[in-house]
Amino acid sequence: MGGPKCRVFVLLLAGLVFIPSAFGQSNAIRLTADLREAPRRIFHASLELPVKPGPLTLLYPKWIPGEHAPDGPIADLVGLKLSANGKTIPWRRDEVDMFMFHIDVPAGVSTLEATYDYLSPASGEGFSAGPTADQMLAVLEWNLVVLYPSGSPTDSLIYQASIHLPQGWKFATALTLEKQNAEEISFAPVSLTTLVDSPVLTGQNFRSIALAPEVKPPHRLNIAADSVAALAISEEQIAAYSRLVREAGALFGARHYDHYDFLVSLTNYFYPNGLEHHQSSDDRVAERTFINSDQEETSNSLLSHEFTHSWNGKYRRPAGLVTSDFEQPMKGDLLWIYEGLTQYIGEFLSARSGLRTPEDYREALARIAGHLDRPGRSWRSLEDTAVAAQLLYDASRNWESWRRSVDFYDEGWLIWLDADILIRQQSHGQKSLDDFCRRFYGPPDSNPKLGPYTLDDVIAALNATLPYDWRGFFNARVYEINPHPPVGGIERAGWQLVFNDQENMVMRVRETVDESLDLSFSLGMTVQTATGEENGRLADVIPGMPAADAGLAPGMKLISVNGRGFTPGALHEAIAETRDTNRPIVITADNGGFVLTYNLQYHGGERYPHLLRNNSQPDLLSDTLKPLTSRGNAK
Ligand SMILES: [Zn+2]
């Protein structure tokens with residue numbers, strides 16, 4: 001299934017080149033994932049592992065690449081049974097490491113068989129641990145269903161994987177198809193590293209679209225959706241995603257993959273998110289993303305972000321995130337480069353490709369610049385949010401402004417914009433961060449390979465682009481504690497962060513799509529507005545702002561505003577009216593069954609962030625958004 005025959009041929013060749021000759025298929029570990037019960041959220045798996053008699057330890061992946069955390073969903077691995085030569089073999093979980101199973105392989109046994117199930121949750125957040133199957137589609141990230149023997153790097157373990165799918169379901173993956181019949185789909189052997197890096201998207205309603213067909217290697221946009229209607233991506237959107245392929249090629253000047261597959265699942269049952277892989281990305285968005293402009297707005301830089309990771313994250317990666325297997329801890333201290341620079345590039349590539357307008361880009365930038373100005377900055381550096389990423393991804397939204405979150409994404413956008421503008425200014429327009437990207441991630445073209453980097457490597461490449469005190473630049477912005485976010489890049493680019501009562505376009509859309517009320521810049525709180533029990537629940541309250549000063553706290557539930565039952569409209573009206581009165585906003589809220597009244601002293605009206613043009617300086621921000629390829633042309 002999937003692409004035209006010529007592509008399969010190309011992939012087979014590439015696969016042959018990359019399979020070390022020492023690993024014939026006879027030594028390969030056979031893994032079968034049976035997704036025929038995916039709509040019931042249960043994946044069956046079986047494993048055949050060549051073994052020798054004696055002690056053996058099997059591991060379930062703990063540290064998941066791209067998730068930067070030890071969050072492999074081990075609690076949902078169930079039904080584990082081991083056998084050999086028709087006899088049951090007992091196992092015992094390690095008492096300390098929950099991802100480790102100890103076995104004593106009896107004499108005379110050369111193949112161990114394992115069967116087990118993975119239970120996909122029906123709701124909730126999380127990535128590989130989150131929902132990954134519904135009635136109409138599924139995403140198989142192989143780390144969910146794989147066990148592997150300890151003691152060998154995952155690069156040297158060879159897996160021969162196959163899948164069973166529900167009747168009529170189609171699929172796409174970066175893996176090379178080897179054999180397919182009505183019963184089973186088999187893939188060419190790959191290392192365990194590559195297998196876990198090559199998810200399968202499958203579903204009943206499916207489309208596979210060639211992007212920028214003149215570009216080699218080939219790129220495909222694969223879509224599985226909960227409805228046929230949701231597959232109706234427009235020709236204009238396809239053209240924009242084709243431009244993304246060309247713009248990325250023009251930016252980096254080289255590609256480091258044999259082909260690239262976007263694997264897009266359109267469903268409201270998955271947690272919206274993306275996970276990068278070297279030759280594909282697992283892109284999860286709302287069902288109507290391609291047919292509803294508001295939904296599209298909230299994810300119009302997701303694919304460009306995940307695509308950028310093929311260069312920054314997969315081809316080149318901070319050394320602390322390069323590990324020999326999924327058991328070894330990862331160090332996240334350079335995530336402000338891995339994720340932060342990817343965020344910056346993904347956002348401008350989205351604008352350069354026409355997936356978003358420059359105005360939309362500026363509204364999004366204003367929103368994050370405003371949001372980053374939080375009291376949590378007073379106690380922890382940006383680097384600490386990166387080091388502690390493994391805690392922060394899953395941390396509560398409650399008191400997020402005091403805790404800080406995975407700020408290295410959005411603050412990375414500000415810092416790398418700052419670096420880009422600095423290079424453009426100091427070189428009098430001769431150089432930009434684009435030159436650094438070509439130098440660091442660029443030629444020559446290659447097959448998938450990995451080059452680890454350190455901060456020194458990044459600084460050296462920046463110095464080769466423009467000699468400057470880059471270490472001091474990053475020390476001041478990343479490693480030191482800063483009470484306010486680094487908006488210097490915006491200002492030197494000819495724009496200014498301002499606040500007024502005009503609604504921020506990106507925030508307006510998110511208010512509807514995310515079902516939350518973002519009053520961060522007026523009362524200093526965010527309110528959930530989904531219908532049902534959670535309607536009116538405070539998610540965050542910002543210390544030092546009016547809601548917090550009045551005594552409100554996250555977790556409380558709004559009941560009334562100025563005597564009227566709480567609705568988003570009533571609260572917006574109460575805020576707007578504060579400009580004309582000295583009276584406080586009077587809120588009643590339920591705090592675990594106790595109902596109290598809170599008086600909010602606030603008189604600033606509605607307040608939203610925007611970027612305002614400063615005409616005394618050249619508009620360098622718009623320069624960063626100009627496409628490198630002329631529209632409609634090839635790379
Ligand atoms: Zn990312």
# chains A, B, ... in the order shown; residues from 1 in each chain; ligands from 1
call {"tool": "residues_near_ligand", "arguments": {"ligand": "ligand 1", "cutoff": "12 Å", "atoms": "only C-alpha atoms and all ligand atoms", "output": "mmCIF file with C-alpha atoms, in the first residue's frame"}}
result
data_model
loop_
_atom_site.group_PDB
_atom_site.id
_atom_site.type_symbol
_atom_site.label_atom_id
_atom_site.label_comp_id
_atom_site.auth_asym_id
_atom_site.auth_seq_id
_atom_site.Cartn_x
_atom_site.Cartn_y
_atom_site.Cartn_z
ATOM 1 C CA PRO A 65 13.377 9.627 21.550
ATOM 2 C CA GLY A 66 11.681 12.966 20.929
ATOM 3 C CA GLU A 67 9.723 12.734 24.176
ATOM 4 C CA HIS A 68 12.823 13.578 26.234
ATOM 5 C CA ASN A 273 0.802 16.768 19.303
ATOM 6 C CA GLY A 274 3.621 15.834 16.972
ATOM 7 C CA LEU A 275 6.529 13.429 17.308
ATOM 8 C CA GLU A 276 9.553 13.789 15.082
ATOM 9 C CA HIS A 277 11.274 10.952 13.257
ATOM 10 C CA SER A 281 6.623 12.508 11.600
ATOM 11 C CA ASP A 282 3.656 11.433 13.706
ATOM 12 C CA ASP A 283 1.391 14.489 13.432
ATOM 13 C CA SER A 301 3.213 25.215 12.136
ATOM 14 C CA LEU A 302 3.084 21.655 13.505
ATOM 15 C CA LEU A 303 4.210 19.889 10.337
ATOM 16 C CA SER A 304 6.925 22.462 9.631
ATOM 17 C CA HIS A 305 8.218 22.002 13.198
ATOM 18 C CA GLU A 306 8.327 18.199 12.998
ATOM 19 C CA PHE A 307 9.837 18.325 9.480
ATOM 20 C CA THR A 308 12.602 20.673 10.736
ATOM 21 C CA HIS A 309 13.482 18.032 13.326
ATOM 22 C CA SER A 310 14.690 15.769 10.520
ATOM 23 C CA TRP A 311 17.666 18.168 10.355
ATOM 24 C CA ASN A 312 17.775 19.484 13.937
ATOM 25 C CA GLY A 313 17.015 16.552 16.211
ATOM 26 C CA LYS A 314 17.577 13.520 13.995
ATOM 27 C CA ARG A 317 21.295 16.080 17.938
ATOM 28 C CA LEU A 335 16.693 21.328 24.445
ATOM 29 C CA TRP A 336 16.626 25.104 23.959
ATOM 30 C CA ILE A 337 18.540 24.282 20.751
ATOM 31 C CA TYR A 338 16.916 20.936 19.845
ATOM 32 C CA GLU A 339 13.381 22.259 20.450
ATOM 33 C CA GLY A 340 13.948 26.015 20.697
ATOM 34 C CA LEU A 341 15.746 26.476 17.383
ATOM 35 C CA THR A 342 13.341 23.996 15.760
ATOM 36 C CA GLN A 343 10.464 26.101 17.059
ATOM 37 C CA TYR A 344 11.956 29.250 15.493
ATOM 38 C CA ILE A 345 12.701 27.571 12.157
ATOM 39 C CA GLY A 346 9.349 25.746 12.060
ATOM 40 C CA GLU A 347 7.469 28.994 12.661
ATOM 41 C CA VAL A 406 8.664 23.686 28.831
ATOM 42 C CA PHE A 408 12.474 26.367 25.896
ATOM 43 C CA TYR A 409 10.121 26.013 22.889
ATOM 44 C CA ASP A 410 8.610 29.496 22.893
ATOM 45 C CA GLY A 412 13.797 29.478 21.970
ATOM 46 C CA TRP A 413 11.731 31.234 19.295
#
call {"tool": "residues_around", "arguments": {"residues": "segment 373-378 of chain A", "least_positions_apart": "6", "cutoff": "12 Å", "atoms": "only C-alpha atoms", "output": "ChimeraX atom specification"}}
result
/A:366-367,384-385,399-407,410-411,477-487,497,520-521,524-525,540-545,609
call {"tool": "residues_around", "arguments": {"residues": "Val200 of chain A", "least_positions_apart": "3", "cutoff": "6 Å", "atoms": "only C-alpha atoms", "output": "NGL selection string"}}
result
:A and (139-140 or 172-173)
call {"tool": "write_last_selection", "arguments": {"atoms": "N, CA, C and O atoms", "output": "mmCIF file, in the first residue's frame"}}
result
data_model
loop_
_atom_site.group_PDB
_atom_site.id
_atom_site.type_symbol
_atom_site.label_atom_id
_atom_site.label_comp_id
_atom_site.auth_asym_id
_atom_site.auth_seq_id
_atom_site.Cartn_x
_atom_site.Cartn_y
_atom_site.Cartn_z
ATOM 1 N N VAL A 139 -2.259 4.886 15.290
ATOM 2 C CA VAL A 139 -0.841 5.120 15.026
ATOM 3 C C VAL A 139 -0.063 4.111 15.867
ATOM 4 O O VAL A 139 -0.264 4.030 17.081
ATOM 5 N N LEU A 140 0.769 3.351 15.202
ATOM 6 C CA LEU A 140 1.606 2.384 15.907
ATOM 7 C C LEU A 140 3.011 2.955 16.026
ATOM 8 O O LEU A 140 3.780 2.971 15.063
ATOM 9 N N ALA A 172 0.570 3.823 6.007
ATOM 10 C CA ALA A 172 1.799 4.436 5.491
ATOM 11 C C ALA A 172 2.846 4.397 6.600
ATOM 12 O O ALA A 172 2.509 4.437 7.784
ATOM 13 N N THR A 173 4.091 4.310 6.216
ATOM 14 C CA THR A 173 5.205 4.278 7.169
ATOM 15 C C THR A 173 6.487 4.575 6.411
ATOM 16 O O THR A 173 6.543 4.430 5.181
#
call {"tool": "closest_residue", "arguments": {"among": "A:Pro452, A:Ala530, A:Leu519, A:Leu433", "to": "Ala547 of chain A", "atoms": "only C-alpha atoms"}}
result
A:Leu519
call {"tool": "closest_residue", "arguments": {"among": "A:Val78, A:Arg30, A:Ala570, A:Thr132", "to": "Val190 of chain A", "atoms": "only C-alpha atoms"}}
result
A:Arg30
call {"tool": "closest_residue", "arguments": {"among": "A:Ala493, A:Ala239, A:Ile233, A:Ala28", "to": "Val51 of chain A", "atoms": "only C-alpha atoms"}}
result
A:Ala28
call {"tool": "select_by_dssp", "arguments": {"residues": "segment 409-583 of chain A", "states": "strand (DSSP E)", "output": "count of residues only"}}
result
28
call {"tool": "residues_around", "arguments": {"residues": "Gly320 of chain A", "least_positions_apart": "5", "cutoff": "10 Å", "atoms": "only C-alpha atoms", "output": "list in words"}}
result
Pro329, Met330, Lys331, Gly332, Asp333, Leu334, Leu335, Pro452, Tyr453 and Thr454 of chain A
call {"tool": "write_last_selection", "arguments": {"atoms": "N, CA, C and O atoms", "output": "mmCIF file, in the first residue's frame"}}
result
data_model
loop_
_atom_site.group_PDB
_atom_site.id
_atom_site.type_symbol
_atom_site.label_atom_id
_atom_site.label_comp_id
_atom_site.auth_asym_id
_atom_site.auth_seq_id
_atom_site.Cartn_x
_atom_site.Cartn_y
_atom_site.Cartn_z
ATOM 1 N N PRO A 329 19.523 7.122 30.488
ATOM 2 C CA PRO A 329 18.890 8.435 30.659
ATOM 3 C C PRO A 329 19.386 9.444 29.622
ATOM 4 O O PRO A 329 20.546 9.408 29.193
ATOM 5 N N MET A 330 18.504 10.330 29.202
ATOM 6 C CA MET A 330 18.873 11.414 28.297
ATOM 7 C C MET A 330 19.069 12.692 29.110
ATOM 8 O O MET A 330 18.414 12.888 30.130
ATOM 9 N N LYS A 331 19.959 13.548 28.617
ATOM 10 C CA LYS A 331 20.193 14.843 29.264
ATOM 11 C C LYS A 331 19.602 15.942 28.387
ATOM 12 O O LYS A 331 19.993 16.077 27.225
ATOM 13 N N GLY A 332 18.694 16.718 28.955
ATOM 14 C CA GLY A 332 17.926 17.677 28.154
ATOM 15 C C GLY A 332 18.469 19.094 28.149
ATOM 16 O O GLY A 332 17.808 20.002 27.641
ATOM 17 N N ASP A 333 19.693 19.313 28.681
ATOM 18 C CA ASP A 333 20.147 20.692 28.897
ATOM 19 C C ASP A 333 20.193 21.537 27.618
ATOM 20 O O ASP A 333 20.066 22.752 27.682
ATOM 21 N N LEU A 334 20.369 20.898 26.448
ATOM 22 C CA LEU A 334 20.409 21.683 25.201
ATOM 23 C C LEU A 334 19.082 21.647 24.445
ATOM 24 O O LEU A 334 19.031 21.933 23.245
ATOM 25 N N LEU A 335 17.996 21.328 25.136
ATOM 26 C CA LEU A 335 16.693 21.328 24.445
ATOM 27 C C LEU A 335 16.314 22.716 23.936
ATOM 28 O O LEU A 335 15.489 22.844 23.037
ATOM 29 N N PRO A 452 26.152 13.921 16.559
ATOM 30 C CA PRO A 452 25.909 14.606 17.837
ATOM 31 C C PRO A 452 26.587 15.975 17.858
ATOM 32 O O PRO A 452 27.593 16.178 17.176
ATOM 33 N N TYR A 453 26.034 16.916 18.628
ATOM 34 C CA TYR A 453 26.684 18.225 18.771
ATOM 35 C C TYR A 453 26.687 18.682 20.218
ATOM 36 O O TYR A 453 25.878 18.235 21.031
ATOM 37 N N THR A 454 27.650 19.553 20.510
ATOM 38 C CA THR A 454 27.735 20.198 21.820
ATOM 39 C C THR A 454 27.467 21.683 21.638
ATOM 40 O O THR A 454 27.419 22.189 20.502
#
call {"tool": "atom_distance", "arguments": {"atom1": "atom CA of Phe262 of chain A", "atom2": "atom CA of Leu221 of chain A"}}
result
4.9 Å
call {"tool": "atom_distance", "arguments": {"atom1": "atom CA of Pro55 of chain A", "atom2": "atom CA of His102 of chain A"}}
result
7.4 Å
call {"tool": "closest_residue", "arguments": {"among": "A:Leu31, A:Ala550, A:Val506, A:Leu612", "to": "Ser293 of chain A", "atoms": "only C-alpha atoms"}}
result
A:Val506
call {"tool": "atom_distance", "arguments": {"atom1": "atom CA of Asn222 of chain A", "atom2": "atom CA of Asp261 of chain A"}}
result
6.8 Å
call {"tool": "closest_residue", "arguments": {"among": "A:Ser299, A:Ser616, A:Ser198, A:Asn591", "to": "Leu538 of chain A", "atoms": "only C-alpha atoms"}}
result
A:Asn591
